[in-house]
>>> print(open('model_6.pdb').read())   # PDB, C-alpha atoms, pLDDT in the B column
MODEL        1
ATOM      1  CA  MET S   1      52.453  76.982 145.358  1.00 39.00           C
ATOM      2  CA  ALA S   2      56.050  78.123 145.746  1.00 38.00           C
ATOM      3  CA  ARG S   3      55.995  79.095 142.070  1.00 39.00           C
ATOM      4  CA  ILE S   4      52.800  81.092 142.631  1.00 39.00           C
ATOM      5  CA  ALA S   5      54.365  83.048 145.477  1.00 38.00           C
ATOM      6  CA  LEU S   6      57.504  83.746 143.469  1.00 38.00           C
ATOM      7  CA  ILE S   7      55.576  85.079 140.473  1.00 39.00           C
ATOM      8  CA  ILE S   8      53.382  87.224 142.692  1.00 40.00           C
ATOM      9  CA  LEU S   9      56.443  88.650 144.391  1.00 42.00           C
ATOM     10  CA  ILE S  10      58.076  89.494 141.073  1.00 34.00           C
ATOM     11  CA  VAL S  11      54.940  91.255 139.830  1.00 41.00           C
ATOM     12  CA  PHE S  12      54.353  92.943 143.169  1.00 42.00           C
ATOM     13  CA  LEU S  13      57.873  94.216 143.755  1.00 41.00           C
ATOM     14  CA  SER S  14      58.067  95.568 140.242  1.00 36.00           C
ATOM     15  CA  GLY S  15      55.749  98.292 141.491  1.00 40.00           C
ATOM     16  CA  CYS S  16      53.172  97.310 138.922  1.00 41.00           C
ATOM     17  CA  HIS S  17      49.612  98.042 139.805  1.00 38.00           C
ATOM     18  CA  GLY S  18      48.541  99.038 136.306  1.00 34.00           C
ATOM     19  CA  SER S  19      45.783  97.942 133.986  1.00 32.00           C
ATOM     20  CA  SER S  20      46.630  94.877 131.962  1.00 31.00           C
ATOM     21  CA  SER S  21      44.797  92.197 130.031  1.00 28.00           C
ATOM     22  CA  GLY S  22      46.711  89.051 130.881  1.00 34.00           C
ATOM     23  CA  LEU S  23      46.399  87.005 134.062  1.00 36.00           C
ATOM     24  CA  TRP S  24      49.088  84.869 135.603  1.00 44.00           C
ATOM     25  CA  PHE S  25      46.519  82.499 137.066  1.00 47.00           C
ATOM     26  CA  PRO S  26      42.905  81.488 136.445  1.00 47.00           C
ATOM     27  CA  CYS S  27      40.203  83.517 138.159  1.00 52.00           C
ATOM     28  CA  HIS S  28      38.932  80.455 140.038  1.00 61.00           C
ATOM     29  CA  MET S  29      41.981  80.362 142.311  1.00 76.00           C
ATOM     30  CA  THR S  30      40.614  79.721 145.799  1.00 86.00           C
ATOM     31  CA  PRO S  31      40.855  82.292 148.594  1.00 84.00           C
ATOM     32  CA  GLU S  32      42.940  79.771 150.543  1.00 88.00           C
ATOM     33  CA  ALA S  33      45.437  79.501 147.683  1.00 89.00           C
ATOM     34  CA  GLU S  34      45.621  83.280 147.374  1.00 88.00           C
ATOM     35  CA  ALA S  35      46.236  83.631 151.112  1.00 89.00           C
ATOM     36  CA  LEU S  36      48.971  80.998 151.002  1.00 91.00           C
ATOM     37  CA  ALA S  37      50.659  82.785 148.107  1.00 90.00           C
ATOM     38  CA  GLY S  38      50.594  86.033 150.082  1.00 92.00           C
ATOM     39  CA  THR S  39      51.978  84.321 153.173  1.00 93.00           C
ATOM     40  CA  ARG S  40      54.887  82.864 151.225  1.00 94.00           C
ATOM     41  CA  ALA S  41      55.692  86.172 149.515  1.00 94.00           C
ATOM     42  CA  ALA S  42      55.545  88.209 152.726  1.00 96.00           C
ATOM     43  CA  PRO S  43      58.975  87.455 154.263  1.00 97.00           C
ATOM     44  CA  ARG S  44      60.875  88.659 151.204  1.00 96.00           C
ATOM     45  CA  LEU S  45      58.825  91.837 150.949  1.00 96.00           C
ATOM     46  CA  GLU S  46      59.222  92.553 154.660  1.00 97.00           C
ATOM     47  CA  ALA S  47      62.971  92.009 154.501  1.00 97.00           C
ATOM     48  CA  ARG S  48      63.298  94.303 151.500  1.00 97.00           C
ATOM     49  CA  TYR S  49      61.708  97.180 153.428  1.00 97.00           C
ATOM     50  CA  GLY S  50      63.521  96.858 156.736  1.00 97.00           C
ATOM     51  CA  GLY S  51      61.279  94.359 158.484  1.00 98.00           C
ATOM     52  CA  ILE S  52      58.215  94.939 160.610  1.00 98.00           C
ATOM     53  CA  VAL S  53      58.003  97.764 163.143  1.00 97.00           C
ATOM     54  CA  ARG S  54      56.555  96.405 166.373  1.00 94.00           C
ATOM     55  CA  ASP S  55      54.249  99.183 167.555  1.00 94.00           C
ATOM     56  CA  ALA S  56      51.220  97.847 169.407  1.00 95.00           C
ATOM     57  CA  GLN S  57      49.360 101.161 169.356  1.00 96.00           C
ATOM     58  CA  ALA S  58      49.834 101.632 165.614  1.00 96.00           C
ATOM     59  CA  GLU S  59      48.880  98.028 164.889  1.00 94.00           C
ATOM     60  CA  GLN S  60      45.719  98.355 166.973  1.00 96.00           C
ATOM     61  CA  ARG S  61      44.831 101.545 165.121  1.00 97.00           C
ATOM     62  CA  MET S  62      45.280  99.890 161.743  1.00 97.00           C
ATOM     63  CA  GLU S  63      43.431  96.769 162.881  1.00 95.00           C
ATOM     64  CA  ARG S  64      40.474  98.873 164.018  1.00 96.00           C
ATOM     65  CA  LEU S  65      40.297 100.808 160.755  1.00 97.00           C
ATOM     66  CA  GLY S  66      40.815  97.681 158.675  1.00 95.00           C
ATOM     67  CA  GLN S  67      37.959  95.984 160.502  1.00 95.00           C
ATOM     68  CA  ARG S  68      35.767  99.012 159.906  1.00 95.00           C
ATOM     69  CA  LEU S  69      36.439  98.808 156.175  1.00 96.00           C
ATOM     70  CA  CYS S  70      35.756  95.072 156.061  1.00 94.00           C
ATOM     71  CA  THR S  71      32.547  95.395 158.059  1.00 92.00           C
ATOM     72  CA  GLY S  72      31.225  98.203 155.893  1.00 90.00           C
ATOM     73  CA  THR S  73      32.256  96.658 152.591  1.00 89.00           C
ATOM     74  CA  PRO S  74      31.209  93.097 151.684  1.00 85.00           C
ATOM     75  CA  ALA S  75      33.460  93.353 148.615  1.00 83.00           C
ATOM     76  CA  ILE S  76      36.465  93.021 150.921  1.00 86.00           C
ATOM     77  CA  PRO S  77      36.349  89.279 151.521  1.00 71.00           C
ATOM     78  CA  CYS S  78      39.055  88.951 154.113  1.00 72.00           C
ATOM     79  CA  ARG S  79      40.278  90.385 157.350  1.00 84.00           C
ATOM     80  CA  LEU S  80      43.056  92.881 156.646  1.00 93.00           C
ATOM     81  CA  GLN S  81      46.332  92.108 158.382  1.00 94.00           C
ATOM     82  CA  CYS S  82      48.038  95.493 158.624  1.00 96.00           C
ATOM     83  CA  ARG S  83      51.686  96.088 159.494  1.00 97.00           C
ATOM     84  CA  ILE S  84      54.236  98.917 159.400  1.00 97.00           C
ATOM     85  CA  LEU S  85      57.464  98.429 157.463  1.00 98.00           C
ATOM     86  CA  ASP S  86      60.651  99.946 158.869  1.00 98.00           C
ATOM     87  CA  SER S  87      61.409 102.180 155.902  1.00 98.00           C
ATOM     88  CA  GLU S  88      61.480 105.947 155.578  1.00 97.00           C
ATOM     89  CA  LYS S  89      60.248 105.659 151.996  1.00 97.00           C
ATOM     90  CA  ILE S  90      56.686 106.844 151.465  1.00 97.00           C
ATOM     91  CA  ASN S  91      54.772 103.840 150.196  1.00 97.00           C
ATOM     92  CA  ALA S  92      52.180 101.178 150.924  1.00 97.00           C
ATOM     93  CA  PHE S  93      51.783  97.631 149.630  1.00 96.00           C
ATOM     94  CA  SER S  94      49.420  94.710 149.695  1.00 96.00           C
ATOM     95  CA  LEU S  95      49.615  90.970 149.153  1.00 95.00           C
ATOM     96  CA  PRO S  96      46.888  88.434 148.394  1.00 93.00           C
ATOM     97  CA  GLY S  97      44.992  87.149 151.391  1.00 92.00           C
ATOM     98  CA  GLY S  98      44.615  90.552 153.033  1.00 93.00           C
ATOM     99  CA  ARG S  99      48.158  91.565 153.977  1.00 95.00           C
ATOM    100  CA  VAL S 100      48.578  95.348 153.904  1.00 97.00           C
ATOM    101  CA  TYR S 101      51.804  97.200 154.649  1.00 98.00           C
ATOM    102  CA  VAL S 102      52.432 100.895 155.267  1.00 98.00           C
ATOM    103  CA  THR S 103      55.984 102.188 155.491  1.00 98.00           C
ATOM    104  CA  ARG S 104      57.054 104.100 158.561  1.00 98.00           C
ATOM    105  CA  GLY S 105      57.661 107.148 156.354  1.00 98.00           C
ATOM    106  CA  LEU S 106      54.103 107.179 155.073  1.00 98.00           C
ATOM    107  CA  TYR S 107      52.518 106.248 158.393  1.00 98.00           C
ATOM    108  CA  ALA S 108      54.089 109.318 160.021  1.00 98.00           C
ATOM    109  CA  GLN S 109      52.147 111.522 157.591  1.00 97.00           C
ATOM    110  CA  LEU S 110      48.793 109.825 158.119  1.00 98.00           C
ATOM    111  CA  VAL S 111      47.925 111.956 161.100  1.00 97.00           C
ATOM    112  CA  THR S 112      44.183 111.292 161.022  1.00 98.00           C
ATOM    113  CA  ASP S 113      42.261 108.030 160.979  1.00 98.00           C
ATOM    114  CA  ASP S 114      40.555 109.096 157.748  1.00 98.00           C
ATOM    115  CA  LEU S 115      43.917 109.371 155.963  1.00 98.00           C
ATOM    116  CA  LEU S 116      45.097 105.995 157.221  1.00 98.00           C
ATOM    117  CA  ALA S 117      41.753 104.412 156.312  1.00 98.00           C
ATOM    118  CA  ALA S 118      42.116 105.801 152.785  1.00 98.00           C
ATOM    119  CA  VAL S 119      45.506 104.127 152.361  1.00 98.00           C
ATOM    120  CA  LEU S 120      44.130 100.835 153.688  1.00 98.00           C
ATOM    121  CA  ALA S 121      41.107 101.127 151.389  1.00 98.00           C
ATOM    122  CA  HIS S 122      43.354 101.737 148.369  1.00 98.00           C
ATOM    123  CA  GLU S 123      45.416  98.641 149.149  1.00 97.00           C
ATOM    124  CA  ALA S 124      42.246  96.622 149.807  1.00 97.00           C
ATOM    125  CA  ALA S 125      41.075  97.667 146.343  1.00 97.00           C
ATOM    126  CA  HIS S 126      44.202  96.095 144.829  1.00 96.00           C
ATOM    127  CA  ILE S 127      43.438  92.892 146.713  1.00 94.00           C
ATOM    128  CA  THR S 128      39.772  92.684 145.729  1.00 93.00           C
ATOM    129  CA  SER S 129      40.611  93.520 142.109  1.00 93.00           C
ATOM    130  CA  ARG S 130      43.178  90.690 142.196  1.00 91.00           C
ATOM    131  CA  ASP S 131      45.767  93.046 140.758  1.00 92.00           C
ATOM    132  CA  HIS S 132      48.582  90.856 142.111  1.00 89.00           C
ATOM    133  CA  PHE S 133      47.583  88.134 139.668  1.00 86.00           C
ATOM    134  CA  LYS S 134      47.569  90.329 136.579  1.00 87.00           C
ATOM    135  CA  SER S 135      50.515  90.359 134.241  1.00 84.00           C
ATOM    136  CA  ARG S 136      53.243  92.956 134.552  1.00 84.00           C
ATOM    137  CA  CYS S 137      52.252  96.368 133.282  1.00 86.00           C
ATOM    138  CA  SER S 138      53.562  97.186 129.832  1.00 88.00           C
ATOM    139  CA  SER S 139      53.727 100.966 130.339  1.00 93.00           C
ATOM    140  CA  SER S 140      53.696 103.666 132.978  1.00 94.00           C
ATOM    141  CA  ARG S 141      50.226 104.628 131.744  1.00 95.00           C
ATOM    142  CA  ALA S 142      49.023 101.128 132.572  1.00 95.00           C
ATOM    143  CA  VAL S 143      50.414 101.475 136.086  1.00 95.00           C
ATOM    144  CA  LEU S 144      48.686 104.834 136.465  1.00 97.00           C
ATOM    145  CA  ASP S 145      45.401 103.384 135.217  1.00 96.00           C
ATOM    146  CA  ARG S 146      45.476 100.650 137.832  1.00 96.00           C
ATOM    147  CA  GLU S 147      46.355 103.083 140.605  1.00 97.00           C
ATOM    148  CA  THR S 148      43.521 105.381 139.560  1.00 98.00           C
ATOM    149  CA  CYS S 149      41.101 102.465 139.486  1.00 97.00           C
ATOM    150  CA  ALA S 150      42.155 101.527 143.029  1.00 97.00           C
ATOM    151  CA  ASP S 151      41.645 105.143 144.121  1.00 98.00           C
ATOM    152  CA  ILE S 152      38.086 105.181 142.776  1.00 98.00           C
ATOM    153  CA  THR S 153      37.281 101.809 144.324  1.00 97.00           C
ATOM    154  CA  ALA S 154      38.709 103.022 147.623  1.00 98.00           C
ATOM    155  CA  VAL S 155      36.387 106.035 147.563  1.00 98.00           C
ATOM    156  CA  GLY S 156      33.447 103.632 147.489  1.00 96.00           C
ATOM    157  CA  TYR S 157      34.906 101.562 150.322  1.00 97.00           C
ATOM    158  CA  LEU S 158      35.389 104.665 152.461  1.00 97.00           C
ATOM    159  CA  GLN S 159      31.829 105.822 151.838  1.00 96.00           C
ATOM    160  CA  ALA S 160      30.467 102.392 152.773  1.00 95.00           C
ATOM    161  CA  ALA S 161      32.497 102.406 155.991  1.00 95.00           C
ATOM    162  CA  GLY S 162      31.355 105.882 156.998  1.00 96.00           C
ATOM    163  CA  VAL S 163      34.793 107.441 156.467  1.00 97.00           C
ATOM    164  CA  LYS S 164      35.169 110.774 154.705  1.00 97.00           C
ATOM    165  CA  PRO S 165      35.926 109.710 151.107  1.00 97.00           C
ATOM    166  CA  LYS S 166      37.717 112.981 150.392  1.00 97.00           C
ATOM    167  CA  ALA S 167      40.570 111.525 152.456  1.00 98.00           C
ATOM    168  CA  MET S 168      41.621 109.579 149.347  1.00 98.00           C
ATOM    169  CA  LEU S 169      42.212 112.888 147.576  1.00 97.00           C
ATOM    170  CA  HIS S 170      44.361 114.127 150.455  1.00 98.00           C
ATOM    171  CA  VAL S 171      46.447 110.931 150.409  1.00 98.00           C
ATOM    172  CA  VAL S 172      47.210 111.394 146.710  1.00 98.00           C
ATOM    173  CA  GLN S 173      48.356 114.927 147.500  1.00 96.00           C
ATOM    174  CA  ILE S 174      50.544 113.684 150.372  1.00 96.00           C
ATOM    175  CA  ILE S 175      52.382 111.277 148.054  1.00 97.00           C
ATOM    176  CA  GLU S 176      52.623 113.734 145.160  1.00 96.00           C
ATOM    177  CA  ASP S 177      56.398 114.131 145.411  1.00 95.00           C
ATOM    178  CA  VAL S 178      57.086 110.390 145.176  1.00 96.00           C
ATOM    179  CA  GLN S 179      54.960 109.850 142.078  1.00 95.00           C
ATOM    180  CA  PRO S 180      55.919 110.497 138.467  1.00 96.00           C
ATOM    181  CA  GLN S 181      55.240 114.059 137.360  1.00 96.00           C
ATOM    182  CA  GLY S 182      51.596 114.712 136.602  1.00 96.00           C
ATOM    183  CA  TRP S 183      50.253 111.553 138.232  1.00 97.00           C
ATOM    184  CA  SER S 184      48.894 113.353 141.267  1.00 97.00           C
ATOM    185  CA  ASP S 185      46.832 115.699 139.089  1.00 97.00           C
ATOM    186  CA  ILE S 186      45.384 112.848 137.030  1.00 98.00           C
ATOM    187  CA  ARG S 187      44.555 110.745 140.070  1.00 98.00           C
ATOM    188  CA  SER S 188      43.081 113.732 141.909  1.00 98.00           C
ATOM    189  CA  GLU S 189      40.844 114.584 138.962  1.00 98.00           C
ATOM    190  CA  ALA S 190      39.540 111.003 138.810  1.00 98.00           C
ATOM    191  CA  ILE S 191      38.824 111.017 142.553  1.00 98.00           C
ATOM    192  CA  ILE S 192      37.006 114.358 142.341  1.00 97.00           C
ATOM    193  CA  GLN S 193      34.862 113.052 139.478  1.00 97.00           C
ATOM    194  CA  SER S 194      34.049 109.970 141.549  1.00 96.00           C
ATOM    195  CA  LEU S 195      33.129 112.081 144.555  1.00 96.00           C
ATOM    196  CA  ASN S 196      30.903 114.344 142.434  1.00 94.00           C
ATOM    197  CA  SER S 197      29.131 111.433 140.766  1.00 91.00           C
ATOM    198  CA  SER S 198      28.412 109.748 144.085  1.00 78.00           C
ATOM    199  CA  GLY S 199      26.883 112.897 145.500  1.00 64.00           C
TER     200      GLY S 199
ENDMDL
END
>>> encode(input="model_6.pdb", output="structure tokens")
Amino acid sequence: MARIALIILIVFLSGCHGSSSGLWFPCHMTPEAEALAGTRAAPRLEARYGGIVRDAQAEQRMERLGQRLCTGTPAIPCRLQCRILDSEKINAFSLPGGRVYVTRGLYAQLVTDDLLAAVLAHEAAHITSRDHFKSRCSSSRAVLDRETCADITAVGYLQAAGVKPKAMLHVVQIIEDVQPQGWSDIRSEAIIQSLNSSG
């Protein structure tokens, strides 16, 4: 299990959430094993981004929105454990087993519950797609593909939870400056197409 956590951490911290064909582990890995891998990887991730910010009000807000997503979406198989990382960088992360992290820099810009729910839904999409267990992305296009897929999945999660799905589009616009050039436009177009197709 220690090896599992280490490999997940390497893949995760590489920033890779892109489409890829290979898997590190078989698909029949149990939810308990996935959760344990996430638990073991968490301390290193948390340390890398300044540790956890202890903010009861923010944690309660994230817990409430995470529960709303889980209740409205059977595809999310686990309770989301949401925390804020003490980093000014604008980013969010997830680990297997339902751990979701939002940096302090990003959290400050998520001024509405819909925006925060969209970020949580996007990270939940990475968890349910088991992206952490897929091999490292071979190109920036592969990373973009996986991010776009998570965006589209998140739109469905938001709709199921009764949250305005257009919030996912606004989140992509918020993080435009920290993405590679052109990514925001591509992701936004995919989200708009998803919104139009779902009515």
>>> residues_around(input="model_6.pdb", residues="range 98-111 of chain S", least_positions_apart="2", cutoff="8 Å", atoms="only C-alpha atoms", output="JSON, numbers by chain")
{"S": [35, 38, 49, 53, 78, 79, 80, 81, 82, 83, 84, 85, 86, 87, 88, 89, 90, 91, 92, 93, 94, 95, 96, 113, 115, 116, 120, 123, 124, 127, 174]}
>>> resolve_selection(input="model_6.pdb", expression="the PyMOL selection byres ((chain S and resi 77) around 12)", output="NGL selection string")
:S and (30-32 or 34-35 or 66-67 or 69-76 or 78-80 or 96-98 or 124-125 or 127-130)
>>> write_last_selection(input="model_6.pdb", atoms="C-alpha atoms", output="JSON list (two decimals), keeping the file's coordinate frame")
[["chain", "number", "residue", "atom", "x", "y", "z"],
["S", 30, "THR", "CA", 40.61, 79.72, 145.80],
["S", 31, "PRO", "CA", 40.85, 82.29, 148.59],
["S", 32, "GLU", "CA", 42.94, 79.77, 150.54],
["S", 34, "GLU", "CA", 45.62, 83.28, 147.37],
["S", 35, "ALA", "CA", 46.24, 83.63, 151.11],
["S", 66, "GLY", "CA", 40.82, 97.68, 158.68],
["S", 67, "GLN", "CA", 37.96, 95.98, 160.50],
["S", 69, "LEU", "CA", 36.44, 98.81, 156.18],
["S", 70, "CYS", "CA", 35.76, 95.07, 156.06],
["S", 71, "THR", "CA", 32.55, 95.40, 158.06],
["S", 72, "GLY", "CA", 31.22, 98.20, 155.89],
["S", 73, "THR", "CA", 32.26, 96.66, 152.59],
["S", 74, "PRO", "CA", 31.21, 93.10, 151.68],
["S", 75, "ALA", "CA", 33.46, 93.35, 148.62],
["S", 76, "ILE", "CA", 36.47, 93.02, 150.92],
["S", 78, "CYS", "CA", 39.06, 88.95, 154.11],
["S", 79, "ARG", "CA", 40.28, 90.38, 157.35],
["S", 80, "LEU", "CA", 43.06, 92.88, 156.65],
["S", 96, "PRO", "CA", 46.89, 88.43, 148.39],
["S", 97, "GLY", "CA", 44.99, 87.15, 151.39],
["S", 98, "GLY", "CA", 44.62, 90.55, 153.03],
["S", 124, "ALA", "CA", 42.25, 96.62, 149.81],
["S", 125, "ALA", "CA", 41.08, 97.67, 146.34],
["S", 127, "ILE", "CA", 43.44, 92.89, 146.71],
["S", 128, "THR", "CA", 39.77, 92.68, 145.73],
["S", 129, "SER", "CA", 40.61, 93.52, 142.11],
["S", 130, "ARG", "CA", 43.18, 90.69, 142.20]]
>>> closest_residue(input="model_6.pdb", among="S:His122, S:Arg61, S:Arg187, S:Arg136", to="Val155 in chain S", atoms="only C-alpha atoms")
S:His122
>>> atom_distance(input="model_6.pdb", atom1="CA of Ser140 in chain S", atom2="CA of Pro180 in chain S")
9.0 Å
>>> atom_distance(input="model_6.pdb", atom1="CA of Gln173 in chain S", atom2="CA of Ala161 in chain S")
21.9 Å
>>> atom_distance(input="model_6.pdb", atom1="CA of Leu158 in chain S", atom2="CA of Asp177 in chain S")
24.1 Å
>>> residues_around(input="model_6.pdb", residues="Leu195 in chain S", least_positions_apart="6", cutoff="9 Å", atoms="only C-alpha atoms", output="list in words")
Ile152, Val155, Gly156, Pro165 and Lys166 of chain S
>>> decode(input="model_6.pdb", residues="range 77-177 of chain S", atoms="C-alpha atoms", output="PDB file, in the first residue's frame")
ATOM      1  CA  PRO S  77     -19.499   7.154  -4.142  1.00  0.00           C
ATOM      2  CA  CYS S  78     -17.920   8.777  -1.138  1.00  0.00           C
ATOM      3  CA  ARG S  79     -18.301  11.628   1.260  1.00  0.00           C
ATOM      4  CA  LEU S  80     -16.070  14.500   0.158  1.00  0.00           C
ATOM      5  CA  GLN S  81     -13.566  15.628   2.767  1.00  0.00           C
ATOM      6  CA  CYS S  82     -12.844  19.234   1.815  1.00  0.00           C
ATOM      7  CA  ARG S  83      -9.985  21.353   3.138  1.00  0.00           C
ATOM      8  CA  ILE S  84      -8.254  24.655   2.352  1.00  0.00           C
ATOM      9  CA  LEU S  85      -4.519  24.666   1.673  1.00  0.00           C
ATOM     10  CA  ASP S  86      -2.473  27.613   2.924  1.00  0.00           C
ATOM     11  CA  SER S  87      -1.193  28.718  -0.468  1.00  0.00           C
ATOM     12  CA  GLU S  88      -1.828  31.867  -2.463  1.00  0.00           C
ATOM     13  CA  LYS S  89      -1.579  29.873  -5.686  1.00  0.00           C
ATOM     14  CA  ILE S  90      -4.870  29.440  -7.519  1.00  0.00           C
ATOM     15  CA  ASN S  91      -5.490  25.714  -7.671  1.00  0.00           C
ATOM     16  CA  ALA S  92      -7.524  22.773  -6.429  1.00  0.00           C
ATOM     17  CA  PHE S  93      -6.644  19.105  -5.998  1.00  0.00           C
ATOM     18  CA  SER S  94      -8.173  15.779  -5.151  1.00  0.00           C
ATOM     19  CA  LEU S  95      -6.988  12.430  -3.848  1.00  0.00           C
ATOM     20  CA  PRO S  96      -8.632   9.005  -3.969  1.00  0.00           C
ATOM     21  CA  GLY S  97     -11.160   8.326  -1.253  1.00  0.00           C
ATOM     22  CA  GLY S  98     -12.838  11.723  -1.501  1.00  0.00           C
ATOM     23  CA  ARG S  99     -10.192  14.193  -0.330  1.00  0.00           C
ATOM     24  CA  VAL S 100     -10.606  17.572  -2.035  1.00  0.00           C
ATOM     25  CA  TYR S 101      -8.357  20.578  -1.496  1.00  0.00           C
ATOM     26  CA  VAL S 102      -8.814  24.208  -2.519  1.00  0.00           C
ATOM     27  CA  THR S 103      -5.959  26.658  -2.092  1.00  0.00           C
ATOM     28  CA  ARG S 104      -6.522  29.806  -0.092  1.00  0.00           C
ATOM     29  CA  GLY S 105      -5.831  31.836  -3.243  1.00  0.00           C
ATOM     30  CA  LEU S 106      -8.595  30.137  -5.186  1.00  0.00           C
ATOM     31  CA  TYR S 107     -11.035  29.991  -2.284  1.00  0.00           C
ATOM     32  CA  ALA S 108     -10.871  33.785  -1.935  1.00  0.00           C
ATOM     33  CA  GLN S 109     -12.225  34.107  -5.485  1.00  0.00           C
ATOM     34  CA  LEU S 110     -15.087  31.654  -5.035  1.00  0.00           C
ATOM     35  CA  VAL S 111     -17.420  34.273  -3.665  1.00  0.00           C
ATOM     36  CA  THR S 112     -20.637  32.351  -4.301  1.00  0.00           C
ATOM     37  CA  ASP S 113     -21.654  28.848  -3.286  1.00  0.00           C
ATOM     38  CA  ASP S 114     -22.256  27.981  -6.943  1.00  0.00           C
ATOM     39  CA  LEU S 115     -18.621  28.751  -7.813  1.00  0.00           C
ATOM     40  CA  LEU S 116     -17.277  26.722  -4.906  1.00  0.00           C
ATOM     41  CA  ALA S 117     -19.631  23.846  -5.737  1.00  0.00           C
ATOM     42  CA  ALA S 118     -18.321  23.879  -9.314  1.00  0.00           C
ATOM     43  CA  VAL S 119     -14.733  23.479  -8.114  1.00  0.00           C
ATOM     44  CA  LEU S 120     -15.748  20.645  -5.784  1.00  0.00           C
ATOM     45  CA  ALA S 121     -17.713  18.987  -8.595  1.00  0.00           C
ATOM     46  CA  HIS S 122     -14.712  19.200 -10.936  1.00  0.00           C
ATOM     47  CA  GLU S 123     -12.455  17.549  -8.362  1.00  0.00           C
ATOM     48  CA  ALA S 124     -15.128  14.932  -7.611  1.00  0.00           C
ATOM     49  CA  ALA S 125     -15.155  14.149 -11.332  1.00  0.00           C
ATOM     50  CA  HIS S 126     -11.431  13.347 -11.175  1.00  0.00           C
ATOM     51  CA  ILE S 127     -12.113  11.009  -8.267  1.00  0.00           C
ATOM     52  CA  THR S 128     -15.031   9.174  -9.871  1.00  0.00           C
ATOM     53  CA  SER S 129     -13.135   8.866 -13.160  1.00  0.00           C
ATOM     54  CA  ARG S 130     -10.228   7.368 -11.183  1.00  0.00           C
ATOM     55  CA  ASP S 131      -7.871   9.784 -12.894  1.00  0.00           C
ATOM     56  CA  HIS S 132      -5.338   9.389 -10.069  1.00  0.00           C
ATOM     57  CA  PHE S 133      -4.763   5.799 -11.143  1.00  0.00           C
ATOM     58  CA  LYS S 134      -4.129   6.553 -14.802  1.00  0.00           C
ATOM     59  CA  SER S 135      -0.616   6.763 -16.130  1.00  0.00           C
ATOM     60  CA  ARG S 136       1.178  10.076 -16.421  1.00  0.00           C
ATOM     61  CA  CYS S 137       0.002  12.200 -19.310  1.00  0.00           C
ATOM     62  CA  SER S 138       2.266  12.103 -22.335  1.00  0.00           C
ATOM     63  CA  SER S 139       1.410  15.602 -23.602  1.00  0.00           C
ATOM     64  CA  SER S 140      -0.164  18.881 -22.590  1.00  0.00           C
ATOM     65  CA  ARG S 141      -3.067  18.032 -24.901  1.00  0.00           C
ATOM     66  CA  ALA S 142      -3.698  14.897 -22.862  1.00  0.00           C
ATOM     67  CA  VAL S 143      -3.792  16.973 -19.687  1.00  0.00           C
ATOM     68  CA  LEU S 144      -6.224  19.393 -21.312  1.00  0.00           C
ATOM     69  CA  ASP S 145      -8.431  16.527 -22.482  1.00  0.00           C
ATOM     70  CA  ARG S 146      -8.721  15.157 -18.966  1.00  0.00           C
ATOM     71  CA  GLU S 147      -9.461  18.577 -17.505  1.00  0.00           C
ATOM     72  CA  THR S 148     -12.147  19.172 -20.120  1.00  0.00           C
ATOM     73  CA  CYS S 149     -13.679  15.779 -19.407  1.00  0.00           C
ATOM     74  CA  ALA S 150     -13.809  16.641 -15.694  1.00  0.00           C
ATOM     75  CA  ASP S 151     -15.454  19.975 -16.542  1.00  0.00           C
ATOM     76  CA  ILE S 152     -18.197  18.258 -18.543  1.00  0.00           C
ATOM     77  CA  THR S 153     -18.757  15.636 -15.854  1.00  0.00           C
ATOM     78  CA  ALA S 154     -18.927  18.393 -13.253  1.00  0.00           C
ATOM     79  CA  VAL S 155     -21.662  20.144 -15.233  1.00  0.00           C
ATOM     80  CA  GLY S 156     -23.777  17.010 -14.878  1.00  0.00           C
ATOM     81  CA  TYR S 157     -23.036  16.780 -11.157  1.00  0.00           C
ATOM     82  CA  LEU S 158     -24.051  20.405 -10.641  1.00  0.00           C
ATOM     83  CA  GLN S 159     -27.300  19.916 -12.538  1.00  0.00           C
ATOM     84  CA  ALA S 160     -28.129  16.824 -10.477  1.00  0.00           C
ATOM     85  CA  ALA S 161     -27.464  18.731  -7.252  1.00  0.00           C
ATOM     86  CA  GLY S 162     -29.619  21.688  -8.257  1.00  0.00           C
ATOM     87  CA  VAL S 163     -26.650  24.050  -8.625  1.00  0.00           C
ATOM     88  CA  LYS S 164     -26.392  26.409 -11.580  1.00  0.00           C
ATOM     89  CA  PRO S 165     -24.167  24.443 -13.995  1.00  0.00           C
ATOM     90  CA  LYS S 166     -22.994  27.630 -15.695  1.00  0.00           C
ATOM     91  CA  ALA S 167     -20.844  28.140 -12.590  1.00  0.00           C
ATOM     92  CA  MET S 168     -18.339  25.698 -14.111  1.00  0.00           C
ATOM     93  CA  LEU S 169     -17.878  28.107 -17.013  1.00  0.00           C
ATOM     94  CA  HIS S 170     -17.248  30.987 -14.615  1.00  0.00           C
ATOM     95  CA  VAL S 171     -14.647  28.955 -12.696  1.00  0.00           C
ATOM     96  CA  VAL S 172     -12.711  28.270 -15.899  1.00  0.00           C
ATOM     97  CA  GLN S 173     -12.728  32.005 -16.580  1.00  0.00           C
ATOM     98  CA  ILE S 174     -11.520  32.759 -13.038  1.00  0.00           C
ATOM     99  CA  ILE S 175      -8.490  30.488 -13.486  1.00  0.00           C
ATOM    100  CA  GLU S 176      -7.752  31.629 -17.039  1.00  0.00           C
ATOM    101  CA  ASP S 177      -4.510  33.396 -16.124  1.00  0.00           C
TER     102      ASP S 177
END
